[in-house]
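Structure below is final-v6.txt: compact mmCIF, N, CA and C atoms.
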```txt
# COMPACT_ATOMS: atom_id res chain seq x y z
N MET L 1 141.23 66.63 59.39
CA MET L 1 141.14 67.99 59.86
C MET L 1 139.79 68.61 59.50
N LEU L 2 139.31 68.32 58.29
CA LEU L 2 138.03 68.81 57.86
C LEU L 2 136.90 68.28 58.72
N LYS L 3 137.02 67.03 59.18
CA LYS L 3 136.01 66.42 60.05
C LYS L 3 135.97 67.14 61.40
N ILE L 4 137.13 67.53 61.91
CA ILE L 4 137.19 68.20 63.20
C ILE L 4 136.55 69.58 63.11
N LYS L 5 136.87 70.34 62.03
CA LYS L 5 136.28 71.66 61.85
C LYS L 5 134.76 71.56 61.72
N PHE L 6 134.30 70.56 60.93
CA PHE L 6 132.86 70.37 60.75
C PHE L 6 132.20 70.04 62.08
N ALA L 7 132.85 69.19 62.88
CA ALA L 7 132.29 68.79 64.17
C ALA L 7 132.21 69.99 65.12
N VAL L 8 133.22 70.83 65.12
CA VAL L 8 133.24 72.00 65.99
C VAL L 8 132.15 72.99 65.57
N ILE L 9 132.05 73.24 64.28
CA ILE L 9 131.04 74.17 63.78
C ILE L 9 129.64 73.62 64.04
N PHE L 10 129.44 72.34 63.78
CA PHE L 10 128.13 71.73 64.00
C PHE L 10 127.73 71.79 65.47
N SER L 11 128.66 71.49 66.37
CA SER L 11 128.31 71.51 67.80
C SER L 11 128.06 72.94 68.28
N ALA L 12 128.78 73.92 67.74
CA ALA L 12 128.55 75.31 68.13
C ALA L 12 127.17 75.78 67.68
N VAL L 13 126.79 75.42 66.44
CA VAL L 13 125.47 75.80 65.95
C VAL L 13 124.38 75.10 66.75
N ALA L 14 124.58 73.83 67.05
CA ALA L 14 123.59 73.07 67.82
C ALA L 14 123.41 73.69 69.21
N MET L 15 124.51 74.06 69.87
CA MET L 15 124.42 74.67 71.20
C MET L 15 123.70 76.01 71.13
N LEU L 16 123.98 76.78 70.10
CA LEU L 16 123.33 78.07 69.94
C LEU L 16 121.83 77.91 69.75
N LEU L 17 121.44 76.96 68.92
CA LEU L 17 120.01 76.75 68.67
C LEU L 17 119.29 76.20 69.89
N LEU L 18 119.94 75.31 70.61
CA LEU L 18 119.29 74.69 71.77
C LEU L 18 119.26 75.62 72.98
N SER L 19 120.23 76.50 73.11
CA SER L 19 120.29 77.34 74.31
C SER L 19 119.56 78.66 74.17
N SER L 20 119.13 79.00 72.99
CA SER L 20 118.48 80.30 72.82
C SER L 20 116.96 80.15 72.82
N GLY L 21 116.44 79.53 73.89
CA GLY L 21 115.00 79.37 74.02
C GLY L 21 114.32 80.72 74.04
N CYS L 22 113.11 80.75 73.56
CA CYS L 22 112.37 82.00 73.44
C CYS L 22 111.45 82.15 74.65
N THR L 23 111.59 83.24 75.36
CA THR L 23 110.73 83.54 76.50
C THR L 23 109.86 84.73 76.14
N VAL L 24 108.58 84.57 76.33
CA VAL L 24 107.65 85.66 76.03
C VAL L 24 107.26 86.32 77.35
N ILE L 25 107.51 87.61 77.44
CA ILE L 25 107.13 88.38 78.62
C ILE L 25 106.15 89.43 78.16
N LYS L 26 105.00 89.43 78.78
CA LYS L 26 103.97 90.38 78.37
C LYS L 26 103.99 91.58 79.31
N GLU L 27 104.08 92.73 78.72
CA GLU L 27 104.00 93.96 79.49
C GLU L 27 102.66 94.61 79.18
N TYR L 28 101.88 94.82 80.21
CA TYR L 28 100.58 95.45 80.02
C TYR L 28 100.75 96.96 79.89
N PRO L 29 99.96 97.59 79.07
CA PRO L 29 100.07 99.05 78.93
C PRO L 29 99.63 99.74 80.22
N PRO L 30 100.17 100.92 80.48
CA PRO L 30 99.75 101.66 81.68
C PRO L 30 98.25 101.93 81.64
N GLN L 31 97.63 101.78 82.80
CA GLN L 31 96.19 102.01 82.90
C GLN L 31 95.93 103.05 83.97
N LYS L 32 94.77 103.63 83.89
CA LYS L 32 94.36 104.50 84.98
C LYS L 32 94.06 103.62 86.18
N GLU L 33 94.27 104.17 87.33
CA GLU L 33 94.03 103.45 88.59
C GLU L 33 92.59 102.95 88.62
N LYS L 34 92.44 101.63 88.72
CA LYS L 34 91.08 101.10 88.81
C LYS L 34 90.76 100.55 90.19
N PHE L 35 91.77 100.36 91.01
CA PHE L 35 91.54 99.89 92.37
C PHE L 35 91.66 101.09 93.29
N THR L 36 90.70 101.27 94.11
CA THR L 36 90.73 102.41 95.01
C THR L 36 90.76 101.92 96.45
N VAL L 37 91.33 102.72 97.26
CA VAL L 37 91.41 102.40 98.68
C VAL L 37 90.31 103.18 99.39
N LYS L 38 89.70 102.55 100.37
CA LYS L 38 88.68 103.24 101.15
C LYS L 38 89.33 104.35 101.97
N LYS L 39 88.59 105.40 102.17
CA LYS L 39 89.12 106.58 102.85
C LYS L 39 89.67 106.21 104.24
N GLN L 40 88.95 105.38 104.97
CA GLN L 40 89.40 105.01 106.32
C GLN L 40 90.74 104.27 106.27
N GLU L 41 90.91 103.39 105.29
CA GLU L 41 92.16 102.64 105.17
C GLU L 41 93.31 103.57 104.75
N TYR L 42 93.02 104.45 103.81
CA TYR L 42 94.02 105.41 103.36
C TYR L 42 94.48 106.28 104.53
N GLU L 43 93.55 106.83 105.28
CA GLU L 43 93.88 107.72 106.40
C GLU L 43 94.68 106.98 107.47
N LEU L 44 94.34 105.74 107.73
CA LEU L 44 95.07 104.96 108.72
C LEU L 44 96.52 104.75 108.28
N ALA L 45 96.73 104.38 107.04
CA ALA L 45 98.08 104.18 106.51
C ALA L 45 98.86 105.50 106.52
N ARG L 46 98.19 106.60 106.16
CA ARG L 46 98.83 107.90 106.16
C ARG L 46 99.28 108.29 107.57
N LYS L 47 98.42 108.05 108.56
CA LYS L 47 98.79 108.34 109.95
C LYS L 47 99.98 107.50 110.40
N LEU L 48 100.02 106.25 109.96
CA LEU L 48 101.13 105.37 110.31
C LEU L 48 102.45 105.92 109.75
N LEU L 49 102.44 106.30 108.49
CA LEU L 49 103.65 106.86 107.89
C LEU L 49 104.02 108.20 108.49
N GLN L 50 103.03 109.01 108.78
CA GLN L 50 103.29 110.31 109.39
C GLN L 50 103.96 110.12 110.75
N ALA L 51 103.49 109.18 111.53
CA ALA L 51 104.09 108.91 112.84
C ALA L 51 105.52 108.38 112.67
N PHE L 52 105.74 107.56 111.65
CA PHE L 52 107.09 107.05 111.40
C PHE L 52 108.04 108.19 111.04
N VAL L 53 107.62 109.06 110.13
CA VAL L 53 108.46 110.17 109.69
C VAL L 53 108.75 111.12 110.86
N LYS L 54 107.76 111.37 111.69
CA LYS L 54 107.92 112.29 112.83
C LYS L 54 108.61 111.62 114.02
N ASN L 55 108.91 110.33 113.92
CA ASN L 55 109.53 109.57 115.01
C ASN L 55 108.64 109.57 116.25
N ASP L 56 107.35 109.42 116.03
CA ASP L 56 106.36 109.41 117.10
C ASP L 56 105.98 107.95 117.40
N ALA L 57 106.76 107.33 118.26
CA ALA L 57 106.59 105.90 118.55
C ALA L 57 105.24 105.60 119.17
N GLU L 58 104.79 106.43 120.09
CA GLU L 58 103.52 106.16 120.77
C GLU L 58 102.35 106.15 119.79
N THR L 59 102.30 107.14 118.91
CA THR L 59 101.22 107.19 117.93
C THR L 59 101.32 106.02 116.97
N PHE L 60 102.53 105.74 116.51
CA PHE L 60 102.75 104.64 115.57
C PHE L 60 102.20 103.33 116.14
N VAL L 61 102.61 103.01 117.35
CA VAL L 61 102.20 101.75 117.98
C VAL L 61 100.70 101.75 118.28
N SER L 62 100.14 102.90 118.65
CA SER L 62 98.72 102.97 118.99
C SER L 62 97.81 102.69 117.79
N LEU L 63 98.32 102.78 116.59
CA LEU L 63 97.51 102.55 115.40
C LEU L 63 97.29 101.07 115.10
N PHE L 64 97.99 100.20 115.78
CA PHE L 64 97.84 98.76 115.56
C PHE L 64 96.74 98.18 116.44
N PRO L 65 96.17 97.05 116.03
CA PRO L 65 95.22 96.36 116.91
C PRO L 65 95.91 95.94 118.21
N GLU L 66 95.13 95.77 119.24
CA GLU L 66 95.69 95.48 120.57
C GLU L 66 96.64 94.29 120.59
N GLU L 67 96.29 93.21 119.92
CA GLU L 67 97.16 92.02 119.95
C GLU L 67 98.49 92.28 119.25
N ALA L 68 98.53 93.16 118.26
CA ALA L 68 99.78 93.49 117.57
C ALA L 68 100.65 94.39 118.45
N ARG L 69 100.03 95.21 119.28
CA ARG L 69 100.79 96.10 120.16
C ARG L 69 101.59 95.34 121.21
N GLU L 70 101.17 94.12 121.51
CA GLU L 70 101.91 93.31 122.47
C GLU L 70 103.28 92.94 121.91
N LYS L 71 103.36 92.77 120.60
CA LYS L 71 104.64 92.39 119.97
C LYS L 71 105.39 93.61 119.44
N PHE L 72 104.66 94.55 118.85
CA PHE L 72 105.30 95.74 118.29
C PHE L 72 105.17 96.87 119.30
N THR L 73 106.13 96.93 120.19
CA THR L 73 106.11 97.90 121.29
C THR L 73 106.83 99.19 120.89
N VAL L 74 106.79 100.17 121.77
CA VAL L 74 107.49 101.43 121.54
C VAL L 74 108.99 101.16 121.42
N ASP L 75 109.53 100.30 122.28
CA ASP L 75 110.97 99.98 122.20
C ASP L 75 111.31 99.31 120.87
N PHE L 76 110.45 98.42 120.42
CA PHE L 76 110.69 97.76 119.14
C PHE L 76 110.63 98.77 117.99
N PHE L 77 109.70 99.72 118.08
CA PHE L 77 109.63 100.79 117.08
C PHE L 77 110.96 101.54 117.02
N LYS L 78 111.48 101.92 118.17
CA LYS L 78 112.72 102.69 118.23
C LYS L 78 113.89 101.92 117.61
N LYS L 79 113.97 100.63 117.90
CA LYS L 79 115.04 99.80 117.31
C LYS L 79 114.86 99.67 115.81
N THR L 80 113.64 99.46 115.38
CA THR L 80 113.36 99.30 113.95
C THR L 80 113.65 100.59 113.19
N ARG L 81 113.21 101.70 113.73
CA ARG L 81 113.44 102.98 113.06
C ARG L 81 114.92 103.31 113.01
N LYS L 82 115.64 103.00 114.07
CA LYS L 82 117.09 103.23 114.08
C LYS L 82 117.76 102.41 112.98
N ALA L 83 117.35 101.17 112.82
CA ALA L 83 117.93 100.31 111.78
C ALA L 83 117.63 100.86 110.39
N VAL L 84 116.41 101.34 110.18
CA VAL L 84 116.05 101.93 108.89
C VAL L 84 116.87 103.19 108.66
N ASN L 85 117.02 104.03 109.67
CA ASN L 85 117.81 105.26 109.53
C ASN L 85 119.25 104.96 109.17
N GLU L 86 119.83 103.96 109.81
CA GLU L 86 121.21 103.59 109.51
C GLU L 86 121.35 103.04 108.10
N SER L 87 120.31 102.41 107.62
CA SER L 87 120.35 101.80 106.30
C SER L 87 120.12 102.80 105.17
N VAL L 88 119.07 103.61 105.25
CA VAL L 88 118.71 104.50 104.14
C VAL L 88 118.66 105.98 104.51
N GLY L 89 118.71 106.31 105.77
CA GLY L 89 118.70 107.71 106.18
C GLY L 89 117.46 108.09 106.96
N GLU L 90 117.30 109.38 107.14
CA GLU L 90 116.17 109.94 107.89
C GLU L 90 114.99 110.15 106.95
N PRO L 91 113.80 109.63 107.31
CA PRO L 91 112.64 109.85 106.44
C PRO L 91 112.24 111.32 106.44
N VAL L 92 111.97 111.85 105.23
CA VAL L 92 111.64 113.27 105.14
C VAL L 92 110.34 113.53 104.39
N ALA L 93 109.85 112.56 103.63
CA ALA L 93 108.61 112.78 102.88
C ALA L 93 108.03 111.44 102.48
N TYR L 94 106.75 111.47 102.12
CA TYR L 94 106.08 110.24 101.66
C TYR L 94 104.94 110.61 100.74
N SER L 95 104.55 109.67 99.90
CA SER L 95 103.38 109.88 99.04
C SER L 95 102.75 108.54 98.68
N TYR L 96 101.46 108.57 98.54
CA TYR L 96 100.69 107.39 98.17
C TYR L 96 100.88 107.14 96.68
N LEU L 97 101.10 105.88 96.31
CA LEU L 97 101.25 105.52 94.90
C LEU L 97 100.03 104.78 94.36
N THR L 98 99.64 103.68 95.02
CA THR L 98 98.54 102.88 94.50
C THR L 98 98.10 101.86 95.55
N SER L 99 97.03 101.18 95.24
CA SER L 99 96.61 100.02 96.04
C SER L 99 96.53 98.84 95.09
N LEU L 100 96.70 97.65 95.63
CA LEU L 100 96.69 96.45 94.83
C LEU L 100 95.39 95.69 95.01
N GLU L 101 95.01 94.99 93.98
CA GLU L 101 93.79 94.19 94.04
C GLU L 101 94.06 92.93 94.85
N PHE L 102 93.27 92.75 95.90
CA PHE L 102 93.42 91.60 96.77
C PHE L 102 92.11 91.42 97.52
N PRO L 103 91.56 90.20 97.56
CA PRO L 103 90.27 90.00 98.23
C PRO L 103 90.35 90.31 99.73
N ALA L 104 89.43 91.06 100.22
CA ALA L 104 89.22 91.37 101.64
C ALA L 104 90.27 92.28 102.27
N LEU L 105 91.46 92.38 101.72
CA LEU L 105 92.51 93.24 102.27
C LEU L 105 92.91 94.26 101.21
N THR L 106 93.56 95.33 101.66
CA THR L 106 94.01 96.34 100.72
C THR L 106 95.50 96.61 100.92
N PRO L 107 96.35 96.01 100.09
CA PRO L 107 97.77 96.38 100.13
C PRO L 107 97.95 97.76 99.49
N GLN L 108 98.46 98.70 100.26
CA GLN L 108 98.71 100.04 99.76
C GLN L 108 100.21 100.22 99.55
N ILE L 109 100.56 100.85 98.46
CA ILE L 109 101.96 101.08 98.14
C ILE L 109 102.23 102.58 98.25
N TRP L 110 103.21 102.91 99.07
CA TRP L 110 103.60 104.29 99.31
C TRP L 110 105.09 104.45 98.97
N LYS L 111 105.48 105.65 98.64
CA LYS L 111 106.88 105.97 98.38
C LYS L 111 107.36 106.84 99.53
N VAL L 112 108.49 106.46 100.13
CA VAL L 112 109.05 107.23 101.24
C VAL L 112 110.44 107.72 100.83
N ARG L 113 110.65 109.01 100.99
CA ARG L 113 111.94 109.62 100.64
C ARG L 113 112.78 109.75 101.91
N PHE L 114 114.04 109.38 101.79
CA PHE L 114 114.98 109.46 102.91
C PHE L 114 116.14 110.39 102.54
N ARG L 115 116.72 111.01 103.56
CA ARG L 115 117.86 111.89 103.37
C ARG L 115 118.98 111.46 104.31
N ARG L 116 120.19 111.48 103.79
CA ARG L 116 121.35 111.20 104.63
C ARG L 116 122.55 111.97 104.09
N THR L 117 123.58 112.04 104.89
CA THR L 117 124.80 112.73 104.47
C THR L 117 125.95 111.73 104.47
N ASN L 118 127.04 112.13 103.81
CA ASN L 118 128.22 111.27 103.81
C ASN L 118 128.90 111.35 105.18
N VAL L 119 129.96 110.62 105.34
CA VAL L 119 130.65 110.52 106.64
C VAL L 119 131.13 111.89 107.12
N ASN L 120 131.58 112.74 106.21
CA ASN L 120 132.09 114.06 106.58
C ASN L 120 131.01 115.12 106.70
N ASN L 121 129.77 114.74 106.47
CA ASN L 121 128.65 115.68 106.46
C ASN L 121 128.86 116.82 105.45
N THR L 122 129.47 116.50 104.32
CA THR L 122 129.72 117.51 103.30
C THR L 122 128.78 117.38 102.11
N LYS L 123 128.14 116.26 101.96
CA LYS L 123 127.25 116.07 100.83
C LYS L 123 125.99 115.34 101.30
N GLU L 124 124.85 115.79 100.77
CA GLU L 124 123.56 115.21 101.14
C GLU L 124 123.05 114.32 100.01
N TYR L 125 122.47 113.19 100.39
CA TYR L 125 121.91 112.25 99.43
C TYR L 125 120.46 111.98 99.78
N THR L 126 119.66 111.74 98.76
CA THR L 126 118.29 111.29 99.00
C THR L 126 118.09 109.98 98.28
N SER L 127 117.19 109.18 98.81
CA SER L 127 116.81 107.93 98.18
C SER L 127 115.35 107.67 98.52
N GLU L 128 114.73 106.84 97.69
CA GLU L 128 113.32 106.52 97.90
C GLU L 128 113.17 105.01 98.07
N VAL L 129 112.26 104.65 98.96
CA VAL L 129 112.00 103.25 99.26
C VAL L 129 110.49 103.04 99.20
N ILE L 130 110.09 101.88 98.75
CA ILE L 130 108.67 101.52 98.72
C ILE L 130 108.25 101.02 100.10
N PHE L 131 107.11 101.49 100.55
CA PHE L 131 106.53 101.07 101.83
C PHE L 131 105.19 100.44 101.52
N LYS L 132 105.01 99.21 101.96
CA LYS L 132 103.72 98.53 101.75
C LYS L 132 103.03 98.37 103.10
N VAL L 133 101.80 98.82 103.16
CA VAL L 133 101.00 98.63 104.36
C VAL L 133 99.70 97.95 103.94
N VAL L 134 99.38 96.87 104.62
CA VAL L 134 98.17 96.12 104.30
C VAL L 134 97.12 96.48 105.34
N THR L 135 95.98 96.95 104.85
CA THR L 135 94.88 97.32 105.73
C THR L 135 93.66 96.48 105.39
N GLY L 136 92.72 96.49 106.29
CA GLY L 136 91.46 95.81 106.08
C GLY L 136 90.37 96.51 106.87
N MET L 137 89.15 96.12 106.59
CA MET L 137 88.01 96.73 107.28
C MET L 137 87.39 95.70 108.22
N LEU L 138 87.24 96.07 109.51
CA LEU L 138 86.54 95.21 110.46
C LEU L 138 85.05 95.27 110.20
N ASN L 139 84.59 96.43 109.90
CA ASN L 139 83.20 96.66 109.49
C ASN L 139 83.27 97.80 108.49
N GLU L 140 82.19 98.35 108.12
CA GLU L 140 82.21 99.40 107.09
C GLU L 140 82.84 100.71 107.57
N LYS L 141 83.09 100.85 108.86
CA LYS L 141 83.60 102.12 109.37
C LYS L 141 84.98 102.03 110.01
N GLU L 142 85.43 100.84 110.39
CA GLU L 142 86.68 100.73 111.14
C GLU L 142 87.75 100.00 110.34
N ALA L 143 88.81 100.72 110.03
CA ALA L 143 89.95 100.14 109.32
C ALA L 143 91.00 99.67 110.32
N VAL L 144 91.73 98.62 109.96
CA VAL L 144 92.80 98.10 110.80
C VAL L 144 94.04 97.83 109.95
N ILE L 145 95.19 97.92 110.62
CA ILE L 145 96.45 97.59 109.96
C ILE L 145 96.72 96.11 110.18
N ILE L 146 96.97 95.41 109.09
CA ILE L 146 97.26 93.98 109.15
C ILE L 146 98.77 93.75 109.16
N ALA L 147 99.49 94.45 108.30
CA ALA L 147 100.93 94.28 108.19
C ALA L 147 101.55 95.49 107.48
N PHE L 148 102.87 95.62 107.62
CA PHE L 148 103.58 96.67 106.88
C PHE L 148 105.04 96.26 106.76
N HIS L 149 105.70 96.78 105.74
CA HIS L 149 107.14 96.62 105.61
C HIS L 149 107.70 97.48 104.48
N PHE L 150 108.98 97.76 104.59
CA PHE L 150 109.68 98.47 103.53
C PHE L 150 110.17 97.45 102.53
N LEU L 151 110.09 97.82 101.26
CA LEU L 151 110.59 96.93 100.20
C LEU L 151 111.87 97.48 99.65
```
Once you've parsed the file, please lay out its structure as structure tokens.
Amino acid sequence: MLKIKFAVIFSAVAMLLLSSGCTVIKEYPPQKEKFTVKKQEYELARKLLQAFVKNDAETFVSLFPEEAREKFTVDFFKKTRKAVNESVGEPVAYSYLTSLEFPALTPQIWKVRFRRTNVNNTKEYTSEVIFKVVTGMLNEKEAVIIAFHFL
């Protein structure tokens, strides 16, 4: 009986020691924004979000390069916006958060606030979603949208 108790205790200690591997996760301290977005890229992303919030499909689509407009049409905008509305609500506000360091392109991170009501329309809810839009410069004066999506 003593051998069985010793075996059980020994195996439990062994499992505890072997399974409790140490993982080191480094958290960097908050820093002041060191990556900046060019004014043209910022304004282009802002116009894109403004058109989305206002449900202005024509303006939204017109902000893309010509080859992207062939795939992202006004009808596709309407379907996409409807799906977003059904998922998180009606967009009501947005704000720029930061840009990420990336060679040649500028991923911009924006916060978009949505509002929706419950089934009975008796209570209102808000939620926020991250919106990432990737912009780039064709030359020193012309910004273009490369990609975008809600996270």
I'd like a table as a tab-separated table: residues in stretch 31-123 of chain L with an atom no more than 6.5 Å from stretch 139-150 of chain L, each row giving the shortest atom pair and its distance in Å to one decimal, all atoms listed in the file counted, sorted by chain and rising residue number.
```
residue	atom	partner	partner_atom	distance
L:Gln40	C	L:Ala143	CA	5.2
L:Glu41	N	L:Ala143	CA	5.3
L:Leu63	C	L:Ile145	N	5.9
L:Phe64	CA	L:Ile145	N	5.7
L:Pro65	N	L:Ile145	N	5.6
```
Taking only N, CA and C atoms into account, name the residue in L:Thr80, L:Thr36, L:Thr59, L:Thr126 that is nearest to L:Thr98.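 Once distances to L:Thr98 are computed over only N, CA and C atoms, the minimum belongs to L:Thr36.
One distance worth recording is that between atom CA of L:Gln108 and atom CA of L:Phe72, which is 20.1 Å.
Per DSSP on the backbone, helix (DSSP H, G or I) in stretch 79-146 of chain L comprises Lys79, Thr80, Arg81, Lys82, Ala83, Val84, Asn85, Glu86, Ser87 and Val88 of chain L.
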Selected residues, N, CA and C atoms, written as a PDB file, in the coordinates of the input, please.
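For reference, part-v6.pdb as written:
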```pdb
ATOM      1  N   LYS L  79     113.970 100.630 117.900  1.00  0.00           N
ATOM      2  CA  LYS L  79     115.040  99.800 117.310  1.00  0.00           C
ATOM      3  C   LYS L  79     114.860  99.670 115.810  1.00  0.00           C
ATOM      4  N   THR L  80     113.640  99.460 115.380  1.00  0.00           N
ATOM      5  CA  THR L  80     113.360  99.300 113.950  1.00  0.00           C
ATOM      6  C   THR L  80     113.650 100.590 113.190  1.00  0.00           C
ATOM      7  N   ARG L  81     113.210 101.700 113.730  1.00  0.00           N
ATOM      8  CA  ARG L  81     113.440 102.980 113.060  1.00  0.00           C
ATOM      9  C   ARG L  81     114.920 103.310 113.010  1.00  0.00           C
ATOM     10  N   LYS L  82     115.640 103.000 114.070  1.00  0.00           N
ATOM     11  CA  LYS L  82     117.090 103.230 114.080  1.00  0.00           C
ATOM     12  C   LYS L  82     117.760 102.410 112.980  1.00  0.00           C
ATOM     13  N   ALA L  83     117.350 101.170 112.820  1.00  0.00           N
ATOM     14  CA  ALA L  83     117.930 100.310 111.780  1.00  0.00           C
ATOM     15  C   ALA L  83     117.630 100.860 110.390  1.00  0.00           C
ATOM     16  N   VAL L  84     116.410 101.340 110.180  1.00  0.00           N
ATOM     17  CA  VAL L  84     116.050 101.930 108.890  1.00  0.00           C
ATOM     18  C   VAL L  84     116.870 103.190 108.660  1.00  0.00           C
ATOM     19  N   ASN L  85     117.020 104.030 109.670  1.00  0.00           N
ATOM     20  CA  ASN L  85     117.810 105.260 109.530  1.00  0.00           C
ATOM     21  C   ASN L  85     119.250 104.960 109.170  1.00  0.00           C
ATOM     22  N   GLU L  86     119.830 103.960 109.810  1.00  0.00           N
ATOM     23  CA  GLU L  86     121.210 103.590 109.510  1.00  0.00           C
ATOM     24  C   GLU L  86     121.350 103.040 108.100  1.00  0.00           C
ATOM     25  N   SER L  87     120.310 102.410 107.620  1.00  0.00           N
ATOM     26  CA  SER L  87     120.350 101.800 106.300  1.00  0.00           C
ATOM     27  C   SER L  87     120.120 102.800 105.170  1.00  0.00           C
ATOM     28  N   VAL L  88     119.070 103.610 105.250  1.00  0.00           N
ATOM     29  CA  VAL L  88     118.710 104.500 104.140  1.00  0.00           C
ATOM     30  C   VAL L  88     118.660 105.980 104.510  1.00  0.00           C
TER      31      VAL L  88
END
```
Set the distance at 5 Å and use only N, CA and C atoms: which residues neighbour L:Arg113 once local chain neighbours fewer than 4 positions away are removed? I'd like the list as a PyMOL selection string. chain L and resi 91-94+127-128
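Ranking L:Thr117, L:Val61, L:Met137, L:Val37 by their shortest atom-to-atom distance to L:Leu100, with only N, CA and C atoms included, puts L:Val37 first.
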How would you write, as an MDAnalysis selection string, the set of residues in stretch 41-106 of chain L that DSSP gives as strand (DSSP E or B)? chainID L and resid 90:99 105:106
Just the number, please: distance in Å from atom N of L:Pro107 to atom N of L:Thr135, one decimal.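 Separating atom N of L:Pro107 from atom N of L:Thr135 is a distance of 4.9 Å.
Of the listed residues L:Lys71, L:Val133, L:Thr106, L:Leu151, the one whose atoms come nearest to L:Lys38 is L:Thr106, with distances taken using only N, CA and C atoms.
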With all heavy atoms as the target, complete stretch 117-123 of chain L and hand it back as a tab-separated table (two decimals), in the coordinates of the input.
```
chain	number	residue	atom	x	y	z
L	117	THR	N	123.58	112.04	104.89
L	117	THR	CA	124.80	112.73	104.47
L	117	THR	C	125.95	111.73	104.47
L	117	THR	O	125.87	110.66	105.09
L	117	THR	CB	125.14	113.90	105.41
L	117	THR	OG1	125.30	113.39	106.74
L	117	THR	CG2	124.06	114.96	105.39
L	118	ASN	N	127.04	112.13	103.81
L	118	ASN	CA	128.22	111.27	103.81
L	118	ASN	C	128.90	111.35	105.18
L	118	ASN	O	128.48	112.10	106.06
L	118	ASN	CB	129.17	111.64	102.66
L	118	ASN	CG	129.70	113.06	102.77
L	118	ASN	OD1	129.35	113.80	103.67
L	118	ASN	ND2	130.55	113.44	101.82
L	119	VAL	N	129.96	110.62	105.34
L	119	VAL	CA	130.65	110.52	106.64
L	119	VAL	C	131.13	111.89	107.12
L	119	VAL	O	131.07	112.19	108.32
L	119	VAL	CB	131.85	109.54	106.54
L	119	VAL	CG1	132.62	109.47	107.83
L	119	VAL	CG2	131.35	108.17	106.14
L	120	ASN	N	131.58	112.74	106.21
L	120	ASN	CA	132.09	114.06	106.58
L	120	ASN	C	131.01	115.12	106.70
L	120	ASN	O	131.32	116.28	106.96
L	120	ASN	CB	133.12	114.53	105.54
L	120	ASN	CG	134.26	113.57	105.40
L	120	ASN	OD1	134.61	112.88	106.35
L	120	ASN	ND2	134.84	113.50	104.21
L	121	ASN	N	129.77	114.74	106.47
L	121	ASN	CA	128.65	115.68	106.46
L	121	ASN	C	128.86	116.82	105.45
L	121	ASN	O	128.46	117.95	105.69
L	121	ASN	CB	128.40	116.26	107.85
L	121	ASN	CG	127.83	115.24	108.80
L	121	ASN	OD1	127.10	114.34	108.39
L	121	ASN	ND2	128.17	115.37	110.07
L	122	THR	N	129.47	116.50	104.32
L	122	THR	CA	129.72	117.51	103.30
L	122	THR	C	128.78	117.38	102.11
L	122	THR	O	128.65	118.31	101.33
L	122	THR	CB	131.17	117.43	102.78
L	122	THR	OG1	131.41	116.13	102.26
L	122	THR	CG2	132.16	117.76	103.89
L	123	LYS	N	128.14	116.26	101.96
L	123	LYS	CA	127.25	116.07	100.83
L	123	LYS	C	125.99	115.34	101.30
L	123	LYS	O	126.05	114.41	102.09
L	123	LYS	CB	127.94	115.26	99.73
L	123	LYS	CG	127.13	115.20	98.47
L	123	LYS	CD	127.95	114.73	97.29
L	123	LYS	CE	127.05	114.79	96.07
L	123	LYS	NZ	127.71	114.37	94.87
```
